[in-house]
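The next block holds one structure in the form of structure tokens; read it before the comments.
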Amino acid sequence: MQNSQKLIHTFGALAELGSEVAQKQNFQEMMRTSLHLLLGSLAIMRGGIARFSRFGHELNMLVVRGFSEEFPLSLSLCYEDERQFLVNGLYPIEVSQAKVLPFFQIYDQSFEKRRIELLIPLVIRDEIVGVVMLGEKANGEPYNNYDKDIICAMARHVGVAIAQRNLMAELERRAEENRRLYDDLKTTYADTVKAFATAIDCKDKYTEGHSVRVGKYSEIIAEELGWDEPEVEGAAVAGYLHDVGKLTVERNIINAPYRINAKESAELSKHPSIGYEILLPIHHPYADVPLAAKYHHERLDGRGYPDGLIDREIPYIAKIVNLADSFDAMTTDRPYKRRRPATEVIDDLSRNAGRQFSTDLVSAFMRGMLKELHGESKNKRFRKLLGRDYMETEGLAPLIAGALNDIAPTTHLTATHDH
Ligand SMILES: [Fe+2]
Ligand SMILES: [Fe+2]
């Protein structure tokens, strides 16, 4: 997804800029050291560094030395002051000569009391980022041009550090904003998928909620396989959308209250390919969604459709959706057929493991069921999807446990271990 790439990029940039990003402490420390050096190198009695907030139009003191406690920590600037600071650039202003500016009129008293003689606007790339204020020199002499050159060089260093700090804060803010946008986008996508699933299910009045249930079963299987969260989400989405192609199949075929004839059946069996065509142009965060739609009626033994693929040719996600889809078909009432008893469904799954269904998927699915029956899973998803009575069919748990035992040793991996 474009947004996630942007996000990764932004975080990459942040990481590169290293320790200065995360550690506010370092910035304060750096300001303190800079002021210390500046004052020390010219034997200046007092001084301070303030950072300019362009939102509040004020200067906020970062560090001070030798100022008394009553010195204001925040000094406001008006438009005229800002304009003059910009015109002046990064060069010392003699406070005694600058009384025309509102800033120096307002803070006249404060400056006079601390004998502040110079104010250096920190203008970096045509922006004010702060100011340095300096009191008188220890020997009482006025500042000469040589002093001012040194002050300029050091003040520039301070200004660049503040500008960099501002940039970091801006980057952090944007990364945060990007993250929020990405989360919003993800939610929108998930909502859209669910709305789509509901739309698909509306068309098929006999199998109400089918897509949603297939989405949930697919999610359970992916979870049981130990997949990561994004992959589990992808499996759920593939389930939700697997029958999207049915949107173009005639309503009376889908809703036929009898077993459909060959012609109608041919029409209906186009839905996987149509679904694929519908889903392909959509930019999914999960790669296999269109493939799941296309191949969810394929079988391991090659007797499925549309392409009669065999085991290894069928995308894994399609095998998951196929199992979820078949399970839902067996466990819900159809117009011409009642749902089958739970024990029969388990028998069917184990008999068809390796023929229609992938054995490891059947195991994963049964494991999920068994965990819930044993009270080992947090939520009662199967009970919600199948109904309480159905899940509490007598003898179901031992039957599943037995089935799991029966099918497990036939998996390929176990078989090679035996030799
Ligand atoms: Fe289907
Ligand atoms: Fe389906």
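So you can find residues: chains in the structure tokens are A, B, ... in the order shown, residues in each start at 1, and ligands are numbered from 1 in order.
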Please identify the residues whose atoms come within 7 Å of ligand 2, using only C-alpha atoms and all ligand atoms, and report them as a ChimeraX atom specification.
/A:210-211,242-243,325
Just want the 12 Å neighbourhood of A:Thr192, counted on only C-alpha atoms, with same-chain residues fewer than 6 positions away dropped. Output as a list in words.
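In the requested format, the answer is Leu185, Lys186, Thr198, Ala199, Val237, Tyr240, Leu241 and His284 of chain A.
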Deliver the residues from the most recent selection as a file, using N, CA and C atoms, as an mmCIF file, in the first residue's frame.
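Listing of result-v3.cif after writing:
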```
data_model
loop_
_atom_site.group_PDB
_atom_site.id
_atom_site.type_symbol
_atom_site.label_atom_id
_atom_site.label_comp_id
_atom_site.auth_asym_id
_atom_site.auth_seq_id
_atom_site.Cartn_x
_atom_site.Cartn_y
_atom_site.Cartn_z
ATOM 1 N N LEU A 185 -7.374 4.325 6.973
ATOM 2 C CA LEU A 185 -7.500 3.675 5.676
ATOM 3 C C LEU A 185 -7.792 2.186 5.855
ATOM 4 N N LYS A 186 -7.083 1.584 6.810
ATOM 5 C CA LYS A 186 -7.265 0.158 7.071
ATOM 6 C C LYS A 186 -8.696 -0.116 7.540
ATOM 7 N N THR A 198 -21.870 -8.308 2.938
ATOM 8 C CA THR A 198 -23.300 -8.233 3.230
ATOM 9 C C THR A 198 -24.095 -8.097 1.937
ATOM 10 N N ALA A 199 -23.587 -7.275 1.003
ATOM 11 C CA ALA A 199 -24.261 -7.094 -0.284
ATOM 12 C C ALA A 199 -24.359 -8.425 -1.024
ATOM 13 N N VAL A 237 -10.450 -11.586 4.723
ATOM 14 C CA VAL A 237 -10.917 -10.802 3.576
ATOM 15 C C VAL A 237 -11.211 -11.730 2.390
ATOM 16 N N TYR A 240 -14.485 -13.322 3.054
ATOM 17 C CA TYR A 240 -15.600 -12.382 2.901
ATOM 18 C C TYR A 240 -15.957 -12.165 1.425
ATOM 19 N N LEU A 241 -14.937 -12.148 0.584
ATOM 20 C CA LEU A 241 -15.175 -11.758 -0.813
ATOM 21 C C LEU A 241 -15.226 -12.929 -1.792
ATOM 22 N N HIS A 284 -5.577 -4.490 -3.218
ATOM 23 C CA HIS A 284 -5.754 -5.107 -1.900
ATOM 24 C C HIS A 284 -4.455 -5.066 -1.121
#
```
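For the atom pair formed by atom CA of A:Val131 and atom CA of A:Ala50, the distance is 5.3 Å, given to one decimal.
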Work out how far apart atom CA of A:Phe382 and atom CA of A:Leu279 are and give it in Å to one decimal.
28.5 Å
Show me which residues line ligand 1, defined as having an atom within 8 Å of a ligand atom where only C-alpha atoms and all ligand atoms count, and present them as a tab-separated table (two decimals) with C-alpha atoms, in the first residue's frame.
```
chain	number	residue	atom	x	y	z
A	242	HIS	CA	-14.93	-15.28	-2.23
A	243	ASP	CA	-18.43	-15.26	-3.77
A	246	LYS	CA	-22.33	-14.14	-7.57
A	269	SER	CA	-20.13	-21.98	-11.94
A	271	HIS	CA	-18.90	-16.98	-10.39
A	272	PRO	CA	-15.31	-17.81	-9.35
A	293	ALA	CA	-12.10	-16.09	-5.34
A	296	HIS	CA	-12.28	-21.58	-4.07
A	297	HIS	CA	-14.14	-24.40	-5.88
A	325	ASP	CA	-16.96	-22.57	2.23
```
Nearest-residue call for A:Lys194, choices A:Pro121, A:Gly159, A:Gly275, A:Gly239, using only C-alpha atoms
A:Gly239
Within 12 Å of A:Glu394 using only C-alpha atoms, minus same-chain residues under 5 positions, as a PyMOL selection string:
chain A and resi 341-343+373+388-389+399-400
For the residues in the current selection, export C-alpha atoms as a short mmCIF file (atom, residue, chain, number, x, y, z; two decimals), in the first residue's frame.
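out22.cif written:
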```cif
data_model
loop_
_atom_site.label_atom_id
_atom_site.label_comp_id
_atom_site.auth_asym_id
_atom_site.auth_seq_id
_atom_site.Cartn_x
_atom_site.Cartn_y
_atom_site.Cartn_z
CA PRO A 341 -25.50 -33.26 11.88
CA ALA A 342 -22.20 -32.19 13.38
CA THR A 343 -20.87 -35.73 13.69
CA LEU A 373 -15.07 -27.49 23.03
CA ARG A 388 -24.93 -23.68 20.92
CA ASP A 389 -26.90 -26.91 20.59
CA LEU A 399 -15.07 -37.74 17.65
CA ILE A 400 -12.97 -34.75 16.59
#
```
Between A:Glu29, A:Glu208, A:Glu80, A:Glu267, single out the one closest to A:Thr332, counting only C-alpha atoms.
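Counting only C-alpha atoms, the residue closest to A:Thr332 is A:Glu208.
Nearest to A:Arg51 of all the residues A:Asp348, A:Glu127, A:Asp406, A:Glu177 is A:Glu127, counting only C-alpha atoms.
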Using DSSP secondary structure from the backbone, list all alpha helix (DSSP H) positions within stretch 203-374 of chain A, as JSON, numbers by chain.
{"A": [203, 210, 211, 212, 213, 214, 215, 216, 217, 218, 219, 220, 221, 222, 223, 224, 229, 230, 231, 232, 233, 234, 235, 236, 237, 238, 239, 240, 241, 251, 252, 253, 254, 262, 263, 264, 265, 266, 267, 268, 271, 272, 273, 274, 275, 276, 277, 278, 279, 289, 290, 291, 292, 293, 294, 295, 316, 317, 318, 319, 320, 321, 322, 323, 324, 325, 326, 327, 328, 329, 330, 331, 342, 343, 344, 345, 346, 347, 348, 349, 350, 351, 352, 359, 360, 361, 362, 363, 364, 365, 366, 367, 368, 369, 370, 371, 372, 373]}
Need to verify the contact set: A:Glu112, 12 Å, only C-alpha atoms, exclusion of same-chain residues closer than 3 positions in sequence. Can you return it as a list in words?
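Near neighbours after the sequence-gap exclusion: Phe67, Phe71, Val95, Ser96, Lys99, Phe104, Gln105, Ile106, Tyr107, Asp108, Gln109, Arg115, Ile116, Glu117, Leu118, Leu134, Gly135 and Glu136 of chain A.
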Please dump the current selection as a PDB file, in the first residue's frame; keep C-alpha atoms.
```pdb
ATOM      1  CA  PHE A  67      19.413  36.251  34.812  1.00  0.00           C
ATOM      2  CA  PHE A  71      13.096  37.329  34.052  1.00  0.00           C
ATOM      3  CA  VAL A  95      19.698  46.785  22.479  1.00  0.00           C
ATOM      4  CA  SER A  96      20.433  50.445  23.238  1.00  0.00           C
ATOM      5  CA  LYS A  99      14.362  51.087  21.178  1.00  0.00           C
ATOM      6  CA  PHE A 104      12.468  46.475  23.080  1.00  0.00           C
ATOM      7  CA  GLN A 105       9.946  48.969  24.366  1.00  0.00           C
ATOM      8  CA  ILE A 106       7.871  46.311  26.097  1.00  0.00           C
ATOM      9  CA  TYR A 107      10.835  44.518  27.659  1.00  0.00           C
ATOM     10  CA  ASP A 108      12.952  47.619  28.232  1.00  0.00           C
ATOM     11  CA  GLN A 109      12.901  47.181  32.004  1.00  0.00           C
ATOM     12  CA  ARG A 115      22.219  44.772  31.420  1.00  0.00           C
ATOM     13  CA  ILE A 116      21.457  42.904  28.253  1.00  0.00           C
ATOM     14  CA  GLU A 117      23.470  44.568  25.528  1.00  0.00           C
ATOM     15  CA  LEU A 118      23.114  42.372  22.473  1.00  0.00           C
ATOM     16  CA  LEU A 134      23.926  38.599  25.863  1.00  0.00           C
ATOM     17  CA  GLY A 135      24.740  40.780  28.881  1.00  0.00           C
ATOM     18  CA  GLU A 136      27.818  42.938  29.330  1.00  0.00           C
TER      19      GLU A 136
END
```
Mind pulling up the distance from atom CA of A:Val160 to atom CA of A:Ala175?
22.2 Å
